[in-house]
Amino acid sequence: MTVTALAPASARTTDHKVTGVRVLRSEWAKFWSLRSSWITLGVAVLLLVLFGAIAGYTYSPDATAAGGPPGPGSGGDSDAVSLALTGVTFASLAVGVLGVLLSAGEYSTGMIRSTLAAVPRRLPVLFSKAAVIGPIALVLTTVGALAAFLLGAPGLDGERIALSLGDDGVLRALAGAGVYLGLVAAFGVALGVLLRSSAGAIAVLVGVLLILPGLASLLPDSWYDTLSPYFPSNAGSAVYALHQASDALSPGAGLAVFAGWVALALAGAAYRLVRSDV
């Protein structure tokens with residue numbers, strides 16, 4: 001009788017070691033395979049371009065004198081860059097929600113169990129999700145901000161606030177908008193993993209970016225003046241502002257503060273991901 005020796009299972013199969021690059025490629029594939037990714041990114045860029053172009057063409061230097069409100073589309077303390085970036089608030093909600101769906105969506109479908117079974121160390125999943133969506137949002141929204149500025153520029157011909165791409169600070173401000181929106185997308189990923197609920201994470205995202213500054217106005221003036229520049233949305237807006245107000249942070253300081261908020265959210269998400277069951 002002939003005896004055939006069987007090789008160990010480890011010798012018969014190819015060793016597929018889990019590496020950071022492979023996890024990143026997996027998250028990249030998952031991101032682009034979802035129709036919601038394309039749609040939400042398209043909506044974010046569309047809002048950025050559409051609102052920026054409209055603000056440029058509807059600007060009127062006489063609006064304030066006639067009793068109209070200041071701001072985009074009127075004769076307030078605006079400049080060509082601030083008009084072009086009128087849609088940043090709306091775009092930030094779109095990319096932030098996309099970040100939430102990219103992470104919390106796996107908890108609602110149960111796919112997170114398969115993901116973490118394939119990547120037992122867990123943390124590479126979180127950081128790969130942020131590393132995928134952040135740069136994508138940064139690049140696409142920077143292009144959108146540039147397009148909004150160029151499309152709205154003809155509507156400002158001859159106006160005092162008209163600017164060109166070669167003017168001091170213009171490219172820096174437009175690129176700053178993209179950096180801010182890329183960080184917002186990573187912030188959404190962190191909130192999704194931290195709260196594990198799409199609805200809850202979106203509510204917190206909206207509250208932090210939009211509602212918190214308004215509620216803070218209820219604080220005593222001395223407290224508000226001290227704390228307001230360090231709120232996430234206020235620090236973020238300093239990143240893409242062409243001219244800084246006297247009580248606002250510089251672009252570099254605003255970037256550092258907002259990146260700090262994002263890092264804090266990612267740290268909290270990492271702690272919960274490692275310490276609790278899915």
# chains A, B, ... in the order shown; residues from 1 in each chain; ligands from 1

$ closest_atom_pairs --of "region 76-136 of chain A" --to "region 173-187 of chain A" --cutoff "12 Å" --atoms "only C-alpha atoms" --output "JSON lines"
{"residue": "A:Asp79", "atom": "CA", "partner": "A:Ala173", "partner_atom": "CA", "distance": 11.6}
{"residue": "A:Ala80", "atom": "CA", "partner": "A:Leu174", "partner_atom": "CA", "distance": 10.9}
{"residue": "A:Val81", "atom": "CA", "partner": "A:Ala173", "partner_atom": "CA", "distance": 7.4}
{"residue": "A:Ser82", "atom": "CA", "partner": "A:Ala173", "partner_atom": "CA", "distance": 9.0}
{"residue": "A:Leu83", "atom": "CA", "partner": "A:Leu174", "partner_atom": "CA", "distance": 11.3}
{"residue": "A:Ala84", "atom": "CA", "partner": "A:Leu174", "partner_atom": "CA", "distance": 8.7}
{"residue": "A:Leu85", "atom": "CA", "partner": "A:Ala177", "partner_atom": "CA", "distance": 7.6}
{"residue": "A:Thr86", "atom": "CA", "partner": "A:Ala177", "partner_atom": "CA", "distance": 10.7}
{"residue": "A:Gly87", "atom": "CA", "partner": "A:Ala177", "partner_atom": "CA", "distance": 10.3}
{"residue": "A:Val88", "atom": "CA", "partner": "A:Ala177", "partner_atom": "CA", "distance": 7.3}
{"residue": "A:Thr89", "atom": "CA", "partner": "A:Leu181", "partner_atom": "CA", "distance": 9.3}
{"residue": "A:Phe90", "atom": "CA", "partner": "A:Leu181", "partner_atom": "CA", "distance": 10.4}
{"residue": "A:Ala91", "atom": "CA", "partner": "A:Leu181", "partner_atom": "CA", "distance": 7.6}
{"residue": "A:Ser92", "atom": "CA", "partner": "A:Leu181", "partner_atom": "CA", "distance": 5.7}
{"residue": "A:Leu93", "atom": "CA", "partner": "A:Val184", "partner_atom": "CA", "distance": 8.3}
{"residue": "A:Ala94", "atom": "CA", "partner": "A:Ala185", "partner_atom": "CA", "distance": 8.6}
{"residue": "A:Val95", "atom": "CA", "partner": "A:Ala185", "partner_atom": "CA", "distance": 5.1}
{"residue": "A:Gly96", "atom": "CA", "partner": "A:Ala185", "partner_atom": "CA", "distance": 4.6}
{"residue": "A:Val97", "atom": "CA", "partner": "A:Ala185", "partner_atom": "CA", "distance": 7.6}
{"residue": "A:Leu98", "atom": "CA", "partner": "A:Ala185", "partner_atom": "CA", "distance": 6.9}
{"residue": "A:Gly99", "atom": "CA", "partner": "A:Ala185", "partner_atom": "CA", "distance": 4.9}
{"residue": "A:Val100", "atom": "CA", "partner": "A:Ala185", "partner_atom": "CA", "distance": 8.0}
{"residue": "A:Leu101", "atom": "CA", "partner": "A:Ala185", "partner_atom": "CA", "distance": 10.3}
{"residue": "A:Leu102", "atom": "CA", "partner": "A:Ala185", "partner_atom": "CA", "distance": 9.7}
{"residue": "A:Ser103", "atom": "CA", "partner": "A:Ala186", "partner_atom": "CA", "distance": 10.1}
{"residue": "A:Leu126", "atom": "CA", "partner": "A:Ala186", "partner_atom": "CA", "distance": 9.8}
{"residue": "A:Phe127", "atom": "CA", "partner": "A:Ala186", "partner_atom": "CA", "distance": 9.1}
{"residue": "A:Ser128", "atom": "CA", "partner": "A:Ala186", "partner_atom": "CA", "distance": 10.2}
{"residue": "A:Lys129", "atom": "CA", "partner": "A:Ala186", "partner_atom": "CA", "distance": 8.0}
{"residue": "A:Ala130", "atom": "CA", "partner": "A:Ala186", "partner_atom": "CA", "distance": 4.8}
{"residue": "A:Ala131", "atom": "CA", "partner": "A:Ala186", "partner_atom": "CA", "distance": 7.7}
{"residue": "A:Val132", "atom": "CA", "partner": "A:Ala186", "partner_atom": "CA", "distance": 8.9}
{"residue": "A:Ile133", "atom": "CA", "partner": "A:Ala185", "partner_atom": "CA", "distance": 6.4}
{"residue": "A:Gly134", "atom": "CA", "partner": "A:Gly182", "partner_atom": "CA", "distance": 4.4}
{"residue": "A:Pro135", "atom": "CA", "partner": "A:Gly182", "partner_atom": "CA", "distance": 6.1}
{"residue": "A:Ile136", "atom": "CA", "partner": "A:Gly182", "partner_atom": "CA", "distance": 7.4}

$ write_last_selection --atoms "N, CA and C atoms" --output "mmCIF file, in the first residue's frame"
data_model
loop_
_atom_site.group_PDB
_atom_site.id
_atom_site.type_symbol
_atom_site.label_atom_id
_atom_site.label_comp_id
_atom_site.auth_asym_id
_atom_site.auth_seq_id
_atom_site.Cartn_x
_atom_site.Cartn_y
_atom_site.Cartn_z
ATOM 1 N N ASP A 79 -15.267 89.604 -1.135
ATOM 2 C CA ASP A 79 -14.249 89.689 -2.168
ATOM 3 C C ASP A 79 -14.532 88.561 -3.151
ATOM 4 N N ALA A 80 -13.827 88.542 -4.257
ATOM 5 C CA ALA A 80 -14.109 87.556 -5.295
ATOM 6 C C ALA A 80 -13.929 86.124 -4.784
ATOM 7 N N VAL A 81 -12.993 85.920 -3.878
ATOM 8 C CA VAL A 81 -12.764 84.574 -3.354
ATOM 9 C C VAL A 81 -13.902 84.137 -2.444
ATOM 10 N N SER A 82 -14.329 85.019 -1.537
ATOM 11 C CA SER A 82 -15.417 84.646 -0.631
ATOM 12 C C SER A 82 -16.696 84.367 -1.404
ATOM 13 N N LEU A 83 -16.930 85.101 -2.502
ATOM 14 C CA LEU A 83 -18.096 84.822 -3.332
ATOM 15 C C LEU A 83 -17.960 83.466 -4.008
ATOM 16 N N ALA A 84 -16.778 83.173 -4.537
ATOM 17 C CA ALA A 84 -16.555 81.890 -5.211
ATOM 18 C C ALA A 84 -16.731 80.716 -4.257
ATOM 19 N N LEU A 85 -16.449 80.934 -2.979
ATOM 20 C CA LEU A 85 -16.519 79.858 -1.991
ATOM 21 C C LEU A 85 -17.807 79.892 -1.182
ATOM 22 N N THR A 86 -18.836 80.536 -1.714
ATOM 23 C CA THR A 86 -20.128 80.577 -1.036
ATOM 24 C C THR A 86 -20.671 79.176 -0.769
ATOM 25 N N GLY A 87 -20.401 78.240 -1.652
ATOM 26 C CA GLY A 87 -20.942 76.890 -1.509
ATOM 27 C C GLY A 87 -20.154 75.967 -0.610
ATOM 28 N N VAL A 88 -19.114 76.468 0.050
ATOM 29 C CA VAL A 88 -18.288 75.595 0.888
ATOM 30 C C VAL A 88 -19.104 74.958 2.016
ATOM 31 N N THR A 89 -19.994 75.726 2.633
ATOM 32 C CA THR A 89 -20.797 75.182 3.735
ATOM 33 C C THR A 89 -21.630 73.997 3.265
ATOM 34 N N PHE A 90 -22.272 74.136 2.114
ATOM 35 C CA PHE A 90 -23.099 73.057 1.581
ATOM 36 C C PHE A 90 -22.235 71.869 1.161
ATOM 37 N N ALA A 91 -21.091 72.152 0.551
ATOM 38 C CA ALA A 91 -20.193 71.074 0.143
ATOM 39 C C ALA A 91 -19.635 70.333 1.352
ATOM 40 N N SER A 92 -19.392 71.067 2.439
ATOM 41 C CA SER A 92 -18.856 70.419 3.644
ATOM 42 C C SER A 92 -19.850 69.410 4.216
ATOM 43 N N LEU A 93 -21.136 69.736 4.148
ATOM 44 C CA LEU A 93 -22.138 68.781 4.616
ATOM 45 C C LEU A 93 -22.160 67.539 3.730
ATOM 46 N N ALA A 94 -22.019 67.740 2.429
ATOM 47 C CA ALA A 94 -22.044 66.594 1.503
ATOM 48 C C ALA A 94 -20.863 65.666 1.736
ATOM 49 N N VAL A 95 -19.654 66.219 1.808
ATOM 50 C CA VAL A 95 -18.483 65.341 1.973
ATOM 51 C C VAL A 95 -18.436 64.766 3.390
ATOM 52 N N GLY A 96 -18.925 65.516 4.376
ATOM 53 C CA GLY A 96 -18.971 64.990 5.729
ATOM 54 C C GLY A 96 -19.923 63.819 5.836
ATOM 55 N N VAL A 97 -21.104 63.947 5.219
ATOM 56 C CA VAL A 97 -22.068 62.846 5.210
ATOM 57 C C VAL A 97 -21.492 61.642 4.469
ATOM 58 N N LEU A 98 -20.764 61.890 3.386
ATOM 59 C CA LEU A 98 -20.140 60.782 2.662
ATOM 60 C C LEU A 98 -19.146 60.047 3.551
ATOM 61 N N GLY A 99 -18.368 60.791 4.335
ATOM 62 C CA GLY A 99 -17.445 60.155 5.269
ATOM 63 C C GLY A 99 -18.166 59.315 6.303
ATOM 64 N N VAL A 100 -19.286 59.827 6.802
ATOM 65 C CA VAL A 100 -20.086 59.073 7.774
ATOM 66 C C VAL A 100 -20.597 57.781 7.155
ATOM 67 N N LEU A 101 -21.151 57.869 5.957
ATOM 68 C CA LEU A 101 -21.705 56.683 5.297
ATOM 69 C C LEU A 101 -20.631 55.651 4.991
ATOM 70 N N LEU A 102 -19.425 56.116 4.685
ATOM 71 C CA LEU A 102 -18.336 55.193 4.374
ATOM 72 C C LEU A 102 -17.968 54.332 5.574
ATOM 73 N N SER A 103 -18.096 54.890 6.768
ATOM 74 C CA SER A 103 -17.716 54.143 7.969
ATOM 75 C C SER A 103 -18.922 53.561 8.696
ATOM 76 N N LEU A 126 -9.744 51.895 9.914
ATOM 77 C CA LEU A 126 -10.133 53.282 10.181
ATOM 78 C C LEU A 126 -9.252 54.261 9.417
ATOM 79 N N PHE A 127 -7.945 54.081 9.536
ATOM 80 C CA PHE A 127 -7.029 55.035 8.919
ATOM 81 C C PHE A 127 -7.040 54.929 7.393
ATOM 82 N N SER A 128 -7.308 53.736 6.865
ATOM 83 C CA SER A 128 -7.391 53.583 5.416
ATOM 84 C C SER A 128 -8.632 54.270 4.862
ATOM 85 N N LYS A 129 -9.738 54.176 5.581
ATOM 86 C CA LYS A 129 -10.957 54.868 5.145
ATOM 87 C C LYS A 129 -10.712 56.376 5.091
ATOM 88 N N ALA A 130 -10.093 56.922 6.138
ATOM 89 C CA ALA A 130 -9.803 58.356 6.164
ATOM 90 C C ALA A 130 -8.795 58.728 5.080
ATOM 91 N N ALA A 131 -7.811 57.844 4.849
ATOM 92 C CA ALA A 131 -6.776 58.121 3.856
ATOM 93 C C ALA A 131 -7.308 58.030 2.432
ATOM 94 N N VAL A 132 -8.401 57.301 2.231
ATOM 95 C CA VAL A 132 -9.003 57.213 0.903
ATOM 96 C C VAL A 132 -9.870 58.431 0.620
ATOM 97 N N ILE A 133 -10.802 58.720 1.522
ATOM 98 C CA ILE A 133 -11.780 59.769 1.229
ATOM 99 C C ILE A 133 -11.194 61.168 1.373
ATOM 100 N N GLY A 134 -10.237 61.366 2.285
ATOM 101 C CA GLY A 134 -9.674 62.696 2.484
ATOM 102 C C GLY A 134 -9.025 63.265 1.229
ATOM 103 N N PRO A 135 -8.043 62.580 0.651
ATOM 104 C CA PRO A 135 -7.406 63.102 -0.567
ATOM 105 C C PRO A 135 -8.354 63.213 -1.752
ATOM 106 N N ILE A 136 -9.298 62.268 -1.878
ATOM 107 C CA ILE A 136 -10.255 62.354 -2.989
ATOM 108 C C ILE A 136 -11.088 63.631 -2.864
#

$ select_by_dssp --residues "region 83-251 of chain A" --states "alpha helix (DSSP H)" --output "MDAnalysis selection string"
chainID A and resid 83:84 88:109 111:118 123:152 170:195 198:206 212:216 221:227 232:239 251

$ residues_around --residues "Thr19 (chain A)" --least-positions-apart "6" --cutoff "12 Å" --atoms "only C-alpha atoms" --output "list in words"
Arg25, Ser26, Ala118, Val119, Pro120, Arg121, Arg122, Leu123, Pro124, Val125 and Ser128 of chain A

$ write_last_selection --atoms "N, CA, C and O atoms" --output "tab-separated table (two decimals), in the first residue's frame"
chain	number	residue	atom	x	y	z
A	25	ARG	N	-5.93	49.46	-0.47
A	25	ARG	CA	-6.49	49.10	-1.78
A	25	ARG	C	-7.90	48.55	-1.63
A	25	ARG	O	-8.77	48.81	-2.47
A	26	SER	N	-8.14	47.79	-0.58
A	26	SER	CA	-9.47	47.24	-0.34
A	26	SER	C	-10.48	48.36	-0.09
A	26	SER	O	-11.59	48.35	-0.65
A	118	ALA	N	-11.25	40.16	8.39
A	118	ALA	CA	-10.14	40.15	7.44
A	118	ALA	C	-8.96	40.98	7.92
A	118	ALA	O	-7.81	40.71	7.55
A	119	VAL	N	-9.24	41.99	8.77
A	119	VAL	CA	-8.18	42.86	9.29
A	119	VAL	C	-8.30	42.87	10.82
A	119	VAL	O	-8.87	43.80	11.41
A	120	PRO	N	-7.80	41.85	11.49
A	120	PRO	CA	-7.99	41.73	12.94
A	120	PRO	C	-7.40	42.89	13.74
A	120	PRO	O	-7.87	43.17	14.86
A	121	ARG	N	-6.38	43.56	13.23
A	121	ARG	CA	-5.77	44.64	13.99
A	121	ARG	C	-6.65	45.88	14.03
A	121	ARG	O	-6.42	46.79	14.82
A	122	ARG	N	-7.63	45.97	13.17
A	122	ARG	CA	-8.70	46.97	13.17
A	122	ARG	C	-8.28	48.38	12.79
A	122	ARG	O	-8.91	49.01	11.95
A	123	LEU	N	-7.27	48.92	13.44
A	123	LEU	CA	-6.92	50.32	13.19
A	123	LEU	C	-6.59	50.62	11.74
A	123	LEU	O	-6.94	51.72	11.25
A	124	PRO	N	-5.93	49.73	10.99
A	124	PRO	CA	-5.70	50.03	9.58
A	124	PRO	C	-6.98	50.30	8.79
A	124	PRO	O	-6.96	51.04	7.81
A	125	VAL	N	-8.10	49.70	9.22
A	125	VAL	CA	-9.37	49.94	8.54
A	125	VAL	C	-9.78	51.40	8.69
A	125	VAL	O	-10.14	52.07	7.71
A	128	SER	N	-7.31	53.74	6.86
A	128	SER	CA	-7.39	53.58	5.42
A	128	SER	C	-8.63	54.27	4.86
A	128	SER	O	-8.59	54.88	3.79

$ closest_residue --among "A:Gly252, A:Gly56, A:Gly20, A:Gly188" --to "Ala137 (chain A)" --atoms "only C-alpha atoms"
A:Gly188

$ atom_distance --atom1 "CA of Gly254 (chain A)" --atom2 "CA of Ala238 (chain A)"
5.3 Å

$ atom_distance --atom1 "CA of Arg196 (chain A)" --atom2 "CA of Ala104 (chain A)"
5.0 Å

$ closest_residue --among "A:Ala148, A:Val257, A:Ala265, A:Leu47" --to "Val204 (chain A)" --atoms "only C-alpha atoms"
A:Ala265

$ atom_distance --atom1 "CA of Leu151 (chain A)" --atom2 "CA of Gly52 (chain A)"
8.1 Å
